[in-house]
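Colleague: Contents of run-v7.csv (CSV, C-alpha atoms) are given next:
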chain,number,residue,atom,x,y,z
A,556,MET,CA,125.2,74.7,132.0
A,557,LYS,CA,121.7,76.2,131.6
A,558,SER,CA,120.0,78.3,134.2
A,559,PRO,CA,117.4,76.4,136.2
A,560,ARG,CA,114.8,78.8,134.7
A,561,ASN,CA,116.0,78.1,131.1
A,562,LYS,CA,113.3,75.9,129.6
A,563,THR,CA,114.6,75.8,126.1
A,564,ILE,CA,114.1,72.5,124.3
A,565,ASP,CA,117.5,71.6,122.7
A,566,ILE,CA,117.6,67.9,122.4
A,567,ASP,CA,120.1,66.5,119.8
A,568,LEU,CA,120.8,63.1,118.4
A,569,PRO,CA,121.3,60.4,119.7
A,570,GLU,CA,119.6,61.6,122.8
A,571,GLY,CA,116.5,62.4,120.9
A,572,GLN,CA,116.3,59.2,118.8
A,573,GLU,CA,113.2,58.0,120.7
A,574,TYR,CA,111.4,61.2,119.5
A,575,LEU,CA,112.6,60.8,116.0
A,576,ASP,CA,111.3,57.3,115.9
A,577,ARG,CA,107.8,58.6,116.5
A,578,CYS,CA,107.9,60.4,113.1
A,579,PHE,CA,106.7,58.8,109.9
A,580,LYS,CA,109.7,58.5,107.5
A,581,GLY,CA,108.4,60.0,104.2
A,582,ASN,CA,111.4,59.6,101.9
A,583,GLY,CA,112.2,56.6,99.7
A,584,SER,CA,108.6,55.7,98.7
A,585,SER,CA,105.9,56.8,96.3
A,586,ASP,CA,103.0,55.0,98.0
A,587,PRO,CA,99.9,57.1,98.7
A,588,LEU,CA,99.3,58.1,102.3
A,589,PRO,CA,95.6,57.3,103.1
A,590,TYR,CA,93.6,59.9,105.0
A,591,ASP,CA,93.2,57.8,108.1
A,592,LYS,CA,97.0,57.6,108.5
A,593,MET,CA,97.4,61.4,108.4
A,594,GLN,CA,95.8,62.1,111.8
A,595,ASP,CA,98.1,63.7,114.3
A,596,LEU,CA,101.2,62.9,112.3
A,597,LEU,CA,104.6,64.5,111.8
A,598,ILE,CA,106.5,63.3,108.7
A,599,LEU,CA,110.2,63.5,108.4
A,600,GLY,CA,110.9,64.2,104.7
A,601,ASP,CA,110.8,66.6,101.8
A,602,SER,CA,107.5,68.4,101.3
A,603,PHE,CA,107.8,68.6,97.5
A,604,SER,CA,108.2,64.8,97.1
A,605,LEU,CA,105.4,64.2,99.6
A,606,PHE,CA,102.6,66.4,98.2
A,607,PRO,CA,101.6,63.9,95.5
A,608,ARG,CA,101.3,61.2,98.1
A,609,LEU,CA,98.7,63.0,100.2
A,610,PRO,CA,95.0,62.6,99.6
A,611,GLU,CA,93.3,65.4,97.7
A,612,ALA,CA,90.7,67.7,99.4
A,613,SER,CA,91.7,66.5,102.9
A,614,ILE,CA,93.0,69.7,104.6
A,615,ASP,CA,90.8,72.1,106.5
A,616,LEU,CA,93.4,74.8,107.3
A,617,LEU,CA,96.9,75.4,106.1
A,618,ILE,CA,99.2,77.4,108.4
A,619,THR,CA,102.8,77.6,107.3
A,620,ASP,CA,106.0,79.5,107.7
A,621,PRO,CA,108.2,78.8,104.7
A,622,PRO,CA,111.8,80.0,104.6
A,623,TYR,CA,111.8,83.7,104.0
A,624,ASN,CA,113.9,85.0,101.2
A,625,LEU,CA,117.0,85.3,103.4
A,626,SER,CA,120.2,83.5,103.7
A,627,ARG,CA,120.0,81.5,106.9
A,628,ASP,CA,121.4,78.2,108.3
A,629,TYR,CA,118.6,76.1,109.8
A,630,HIS,CA,120.8,73.9,111.9
A,631,GLY,CA,122.6,72.3,109.0
A,632,ASN,CA,120.0,72.9,106.3
A,633,PRO,CA,121.0,76.2,104.7
A,634,PHE,CA,118.6,78.3,102.7
A,635,SER,CA,120.2,80.9,100.3
A,636,ARG,CA,118.6,84.2,99.3
A,637,MET,CA,117.3,84.2,95.8
A,638,ASP,CA,116.5,86.9,93.3
A,639,PRO,CA,112.8,87.8,93.5
A,640,GLU,CA,111.9,86.0,90.4
A,641,ASP,CA,113.4,82.7,91.6
A,642,TYR,CA,111.8,83.1,95.0
A,643,GLY,CA,108.5,83.6,93.3
A,644,LYS,CA,109.1,80.3,91.4
A,645,PHE,CA,109.8,78.6,94.7
A,646,THR,CA,106.6,80.0,96.2
A,647,ARG,CA,104.5,78.9,93.1
A,648,HIS,CA,106.1,75.4,93.3
A,649,TRP,CA,104.9,74.7,96.8
A,650,LEU,CA,101.5,76.5,96.4
A,651,GLU,CA,100.8,74.3,93.4
A,652,GLY,CA,101.8,71.3,95.5
A,653,ILE,CA,99.3,72.0,98.3
A,654,ARG,CA,96.4,73.4,96.2
A,655,PRO,CA,94.9,69.9,95.4
A,656,LEU,CA,95.1,68.9,99.1
A,657,LEU,CA,92.8,71.7,100.4
A,658,ARG,CA,89.1,71.3,100.8
A,659,ASP,CA,86.9,73.8,99.0
A,660,THR,CA,86.1,75.4,102.4
A,661,ALA,CA,89.8,75.6,103.5
A,662,SER,CA,91.7,78.7,104.6
A,663,LEU,CA,95.4,79.5,104.4
A,664,TYR,CA,97.7,81.6,106.5
A,665,ILE,CA,101.2,82.1,105.1
A,666,CYS,CA,104.0,83.9,107.2
A,667,CYS,CA,106.4,86.4,105.6
A,668,ASP,CA,108.8,89.1,106.6
A,669,TRP,CA,108.2,92.5,105.0
A,670,ALA,CA,110.4,92.0,102.0
A,671,THR,CA,109.3,88.4,101.2
A,672,SER,CA,105.7,89.6,101.6
A,673,LEU,CA,106.1,91.9,98.6
A,674,ILE,CA,106.8,88.8,96.5
A,675,VAL,CA,104.4,86.3,98.1
A,676,GLY,CA,101.3,88.3,98.4
A,677,PRO,CA,100.5,88.8,94.7
A,678,ILE,CA,101.3,85.2,94.0
A,679,ILE,CA,98.9,83.9,96.6
A,680,GLY,CA,96.2,85.9,94.8
A,681,ASP,CA,96.9,84.0,91.6
A,682,TYR,CA,95.8,80.7,93.3
A,683,PHE,CA,93.4,81.7,96.0
A,684,HIS,CA,91.0,84.4,97.3
A,685,LEU,CA,93.2,86.8,99.1
A,686,ARG,CA,91.3,88.1,102.2
A,687,ASN,CA,93.7,90.1,104.3
A,688,ARG,CA,97.2,90.8,105.5
A,689,ILE,CA,97.8,90.5,109.2
A,690,THR,CA,100.8,92.4,110.6
A,691,TRP,CA,102.1,91.4,114.0
A,692,GLN,CA,104.8,93.0,116.2
A,693,ARG,CA,107.7,90.7,116.9
A,694,GLU,CA,109.4,93.2,119.2
A,695,LYS,CA,112.7,91.2,119.3
A,696,GLY,CA,116.2,92.5,118.9
A,697,ARG,CA,117.7,95.9,120.0
A,698,GLY,CA,120.1,96.8,117.2
A,699,SER,CA,119.3,99.6,114.7
A,700,ALA,CA,122.6,101.0,113.3
A,701,ALA,CA,121.7,101.9,109.7
A,702,ASN,CA,118.0,101.3,109.3
A,703,TRP,CA,114.7,101.2,111.2
A,704,LYS,CA,114.5,98.1,113.4
A,705,ASN,CA,112.6,95.3,111.7
A,706,SER,CA,110.0,94.4,114.3
A,707,MET,CA,107.0,93.5,112.2
A,708,GLU,CA,106.1,90.5,110.2
A,709,ASP,CA,103.1,89.7,107.9
A,710,ILE,CA,100.7,86.8,107.6
A,711,TRP,CA,98.6,86.5,104.4
A,712,PHE,CA,95.1,85.2,104.9
A,713,ALA,CA,93.5,83.5,101.9
A,714,THR,CA,90.7,81.0,101.2
A,715,VAL,CA,90.0,78.5,98.5
A,716,SER,CA,86.5,79.7,97.9
A,717,ASP,CA,83.9,82.2,99.2
A,718,GLU,CA,82.7,79.5,101.6
A,719,TYR,CA,85.0,79.3,104.6
A,720,THR,CA,85.1,79.1,108.4
A,721,PHE,CA,85.7,82.3,110.5
A,722,HIS,CA,84.9,82.4,114.2
A,723,GLY,CA,85.5,86.0,115.1
A,724,ASP,CA,84.1,85.7,118.6
A,725,ALA,CA,86.8,83.0,119.4
A,726,VAL,CA,89.7,85.5,119.0
A,727,LYS,CA,88.7,88.5,121.0
A,728,GLN,CA,91.4,90.4,122.8
A,729,ARG,CA,90.9,91.6,126.4
A,730,ARG,CA,92.1,95.2,126.7
A,731,LYS,CA,92.3,97.6,129.6
A,732,VAL,CA,89.7,100.4,129.5
A,733,ILE,CA,91.5,103.7,129.7
A,734,ALA,CA,88.4,105.9,129.8
A,735,PRO,CA,85.5,103.9,131.2
A,736,TYR,CA,82.2,105.3,130.0
A,737,ARG,CA,79.0,104.5,131.9
A,738,GLU,CA,75.3,104.7,130.8
A,739,ASP,CA,72.7,105.0,133.5
A,740,GLY,CA,75.4,104.2,136.0
A,741,GLN,CA,76.4,100.9,134.3
A,742,PRO,CA,79.5,100.0,132.3
A,743,LYS,CA,79.0,100.7,128.6
A,744,ASP,CA,80.6,97.9,126.6
A,745,TRP,CA,83.2,97.0,129.3
A,746,GLU,CA,83.4,94.9,132.4
A,747,ASP,CA,84.5,95.9,135.9
A,748,THR,CA,86.4,93.1,137.6
A,749,PRO,CA,88.5,92.7,140.7
A,750,GLU,CA,91.6,92.8,138.4
A,751,GLY,CA,90.6,95.9,136.6
A,752,LYS,CA,88.3,97.3,133.9
A,753,PHE,CA,88.4,95.4,130.6
A,754,ARG,CA,86.8,95.4,127.2
A,755,ASP,CA,86.8,92.4,124.9
A,756,THR,CA,87.5,93.7,121.4
A,757,CYS,CA,87.2,92.0,118.0
A,758,ALA,CA,90.6,91.2,116.5
A,759,SER,CA,92.0,93.5,113.8
A,760,ASN,CA,94.7,92.8,111.3
A,761,PHE,CA,97.4,94.4,113.5
A,762,TRP,CA,98.5,92.4,116.5
A,763,ASP,CA,100.6,94.0,119.2
A,764,ASP,CA,100.1,91.5,122.0
A,765,ILE,CA,102.5,88.7,120.9
A,766,SER,CA,105.6,87.7,122.8
A,767,VAL,CA,108.2,85.9,120.7
A,768,PRO,CA,109.3,82.7,122.6
A,769,TYR,CA,112.3,83.3,124.9
A,770,TRP,CA,114.5,81.1,127.1
A,771,SER,CA,112.2,80.9,130.2
A,772,MET,CA,109.1,79.8,128.2
A,773,ALA,CA,108.4,76.1,128.0
A,774,GLU,CA,107.6,76.3,124.2
A,775,ASN,CA,111.0,77.8,123.4
A,776,THR,CA,113.6,76.0,121.1
A,777,PRO,CA,116.7,77.3,119.3
A,778,HIS,CA,114.9,77.3,116.0
A,779,PRO,CA,115.8,80.7,114.4
A,780,ALA,CA,112.3,81.5,113.2
A,781,GLN,CA,110.0,79.9,115.7
A,782,LYS,CA,106.5,81.3,115.8
A,783,PRO,CA,104.7,81.8,119.2
A,784,GLU,CA,101.8,79.4,120.1
A,785,LYS,CA,99.7,82.5,121.0
A,786,LEU,CA,100.0,83.8,117.4
A,787,LEU,CA,99.0,80.4,115.9
A,788,ALA,CA,96.2,79.9,118.4
A,789,LYS,CA,94.5,83.0,116.9
A,790,LEU,CA,94.7,81.6,113.4
A,791,ILE,CA,93.5,78.2,114.4
A,792,LEU,CA,90.6,79.3,116.6
A,793,ALA,CA,89.4,81.8,113.9
A,794,SER,CA,89.6,79.6,110.9
A,795,SER,CA,88.9,76.0,112.0
A,796,SER,CA,86.6,74.0,114.3
A,797,PRO,CA,87.4,71.2,116.8
A,798,GLY,CA,88.4,68.0,114.9
A,799,ASP,CA,89.5,69.9,111.7
A,800,LEU,CA,92.8,68.9,110.1
A,801,ILE,CA,95.5,71.5,110.3
A,802,PHE,CA,98.5,71.2,107.9
A,803,ASP,CA,102.0,72.7,108.0
A,804,PRO,CA,104.3,71.6,105.2
A,805,PHE,CA,107.2,73.5,106.7
A,806,ALA,CA,106.7,72.4,110.3
A,807,GLY,CA,110.0,73.6,111.8
A,808,SER,CA,109.9,73.0,115.6
A,809,GLY,CA,106.2,72.1,115.5
A,810,SER,CA,104.5,75.2,116.7
A,811,ALA,CA,101.4,74.9,114.5
A,812,LEU,CA,101.1,71.2,115.3
A,813,VAL,CA,101.5,71.7,119.0
A,814,THR,CA,98.9,74.5,119.1
A,815,ALA,CA,96.5,72.5,117.0
A,816,LYS,CA,96.8,69.7,119.5
A,817,LYS,CA,96.2,72.0,122.5
A,818,LEU,CA,93.0,73.3,120.8
A,819,ASP,CA,91.5,69.9,120.0
A,820,ARG,CA,92.3,69.9,116.3
A,821,ARG,CA,94.0,67.2,114.3
A,822,PHE,CA,97.4,68.0,112.7
A,823,LEU,CA,99.7,66.9,109.9
A,824,GLY,CA,103.2,68.3,109.5
A,825,ILE,CA,106.2,67.8,107.2
A,826,GLU,CA,109.7,68.7,108.3
A,827,GLU,CA,113.0,67.6,106.7
A,828,ASN,CA,115.4,68.5,109.6
A,829,PRO,CA,115.7,65.6,112.0
A,830,LYS,CA,116.7,67.9,114.9
A,831,TYR,CA,113.5,70.0,114.4
A,832,CYS,CA,111.4,66.9,114.3
A,833,ILE,CA,112.9,65.8,117.7
A,834,TRP,CA,112.0,69.2,119.2
A,835,ALA,CA,108.5,69.1,117.8
A,836,GLN,CA,107.8,65.6,119.1
A,837,ARG,CA,109.0,66.6,122.6
A,838,ARG,CA,106.7,69.6,122.5
A,839,LEU,CA,103.8,67.4,121.4
A,840,GLU,CA,104.5,65.1,124.3
A,841,MET,CA,104.6,68.1,126.7
A,842,ALA,CA,101.2,69.3,125.4
A,843,ASP,CA,99.6,66.2,127.0
A,844,GLU,CA,100.8,67.4,130.4
A,845,ASP,CA,100.1,71.1,129.9
A,846,PRO,CA,97.7,72.3,127.2
A,847,SER,CA,97.9,75.9,128.2
A,848,ILE,CA,98.8,78.6,125.7
A,849,GLN,CA,100.8,81.7,126.9
A,850,GLY,CA,98.6,84.7,126.6
A,851,PHE,CA,95.3,82.9,126.2
A,852,SER,CA,92.9,82.0,129.0
A,853,ASP,CA,89.2,82.3,129.8
A,854,GLY,CA,88.4,82.2,126.1
A,855,VAL,CA,90.2,85.5,125.4
A,856,PHE,CA,93.6,86.8,124.4
A,857,TRP,CA,95.3,89.0,126.9
A,858,GLU,CA,97.6,91.9,126.3
A,859,ARG,CA,101.3,91.4,126.3
A,860,ASN,CA,103.0,91.3,129.7
A,861,THR,CA,99.8,90.7,131.7
A,862,SER,CA,99.9,87.9,134.3
A,863,ARG,CA,96.3,86.5,134.0
A,864,TRP,CA,97.4,84.2,131.1
A,865,GLN,CA,99.2,82.1,133.6
A,866,LYS,CA,95.9,80.6,134.6
A,867,LYS,CA,95.4,77.4,132.7
A,868,ARG,CA,92.4,77.3,130.4
So that I can check it, write out the structure of this file as structure tokens.

Modeller:
Amino acid sequence: MKSPRNKTIDIDLPEGQEYLDRCFKGNGSSDPLPYDKMQDLLILGDSFSLFPRLPEASIDLLITDPPYNLSRDYHGNPFSRMDPEDYGKFTRHWLEGIRPLLRDTASLYICCDWATSLIVGPIIGDYFHLRNRITWQREKGRGSAANWKNSMEDIWFATVSDEYTFHGDAVKQRRKVIAPYREDGQPKDWEDTPEGKFRDTCASNFWDDISVPYWSMAENTPHPAQKPEKLLAKLILASSSPGDLIFDPFAGSGSALVTAKKLDRRFLGIEENPKYCIWAQRRLEMADEDPSIQGFSDGVFWERNTSRWQKKR
């Protein structure tokens, strides 16, 4: 029995069949998928076989979290660690598949752990304009017996061309002011509010304000590599505009799709695990009732463990 506060979404077949029925079944056909059919769609199928069926130059923003080069069981879909050369070939395979689908103005964000990042980063640069590497603090897990605790992950930022979207003002972080400086008696570059003294700062490429989903958060699922909606919201707000089409070819439990929906973007995802598709569809349904994003309100991102985020945007 789960605790009443445990909000983890863990629906299985056959209970989740109604959610699975909402997915487009992508295997067993080679027919093209027209652009107007790709709006707000989750496809159950294999990405590599589906790439040729999707219309070229249709995606505004790619955000994806492919399997890291680790041996892991994704609820019945195992992924085995490869030698670096083979993992590089795997990465090139899917990058070559998505390259024709991206608009000339599109951006990409690709998630990695530190070891996978060493393989993936240079390869991305062979296909796209590499712009930056974001490092974010996972702060999950307590063990550290024989090595430093691995609490950081990378996100590579790239663009198709030199013409791309970037809304820096949309992703400012609200930080507490430690040493409030005044000029002529007035706050200098900070705001004095009933809740404290704050400054809205431009986002850097190191993020220490992210909470990994846990059991009492409504977005949580048992997916072993689920990314937080707050993390994805930063990427979506910075590198797309309302109405743009966001694509995730390794959709998992649907975090990128759900966050895109909450931020008034269109979405397209591909996922081969039926269980994950069920969880994603349930989360998409929940987004209709509650579009809030933990850690984001009033147009700014709040520091970790602050309570103001609970106010709905």

Colleague: Pick from A:Ile689, A:Leu787, A:Val767, A:Ile653: nearest to Asp615 in chain A, with all atoms listed in the file counted?

Modeller: A:Ile653

Colleague: Work out how far apart CA of Ser602 in chain A and CA of Ala773 in chain A are and give it in Å to one decimal.

Modeller: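 Between CA of Ser602 in chain A and CA of Ala773 in chain A the gap works out to 27.8 Å.
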
Colleague: With range 691-707 of chain A as the partner and 6 Å as the cut-off, tabulate the residues of range 736-782 of chain A that qualify, each row holding the nearest pair of atoms and their distance in Å to one decimal, using only C-alpha atoms, sorted by chain and rising number, as a tab-separated table.

Modeller:
residue	atom	partner	partner_atom	distance
A:Phe761	CA	A:Trp691	CA	5.6
A:Trp762	CA	A:Trp691	CA	4.5
A:Asp763	CA	A:Gln692	CA	5.3

Colleague: For range 627-636 of chain A, work out the shell of residues within 10 Å, counting all atoms listed in the file and skipping chain neighbours fewer than 2 positions away, then give it as a list of chain:residue names.

Modeller: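 Final neighbour list, sorted by chain and number: A:Pro622, A:Tyr623, A:Asn624, A:Leu625, A:Asp638, A:Pro639, A:Asp641, A:Tyr642, A:Pro777, A:His778, A:Pro779, A:Ala780, A:Gly807, A:Glu827, A:Asn828, A:Pro829, A:Lys830, A:Tyr831.
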
Colleague: Counting all atoms listed in the file, which of A:Trp834, A:Tyr736, A:Phe822, A:Trp745 gets nearest to Met593 in chain A?

Modeller: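 Looking only at the distances to Met593 in chain A, the closest residue turns out to be A:Phe822.
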
Colleague: Separation of CA of Glu844 in chain A and CA of Asp755 in chain A, in Å?

Modeller: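 The value is 29.2 Å.
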
Colleague: Any chance you could tabulate, as a Markdown table, the residues of range 808-866 of chain A at most 12 Å from range 608-611 of chain A with each one's nearest atom pair and distance in Å to one decimal, using all atoms listed in the file, in chain and rising number order?

Modeller:
| residue | atom | partner | partner_atom | distance |
| --- | --- | --- | --- | --- |
| A:Leu823 | CA | A:Leu609 | CA | 10.5 |
| A:Gly824 | CA | A:Leu609 | CA | 11.6 |
| A:Ile825 | CA | A:Leu609 | CA | 11.3 |

Colleague: Rank A:Ala806, A:Asp709, A:Asp659, A:Gln572 by their smallest atom-to-atom distance to Gly600 in chain A, using only C-alpha atoms, and report the top residue only.

Modeller: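 Among A:Ala806, A:Asp709, A:Asp659, A:Gln572, it is A:Ala806 that comes nearest to Gly600 in chain A.
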
Colleague: Show me, as a list in words, the residues that have an atom within 7 Å of range 663-677 of chain A when counting only C-alpha atoms, minus same-chain residues fewer than 6 positions from it.

Modeller: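 Contacts, with the query itself left out: Leu616, Leu617, Ile618, Thr619, Asp620, Tyr623, Asn624, Pro639, Gly643, Thr646, Glu708, Asp709, Ile710, Trp711, Phe712, Ala713 and Thr714 of chain A.
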
Colleague: Tell me, as a list of chain:residue names, which residues lie within 8 Å of Lys752 in chain A, counting only C-alpha atoms; anything in the same chain fewer than 5 positions away does not count.

Modeller: A:Lys731, A:Val732, A:Pro735, A:Trp745, A:Glu746, A:Asp747
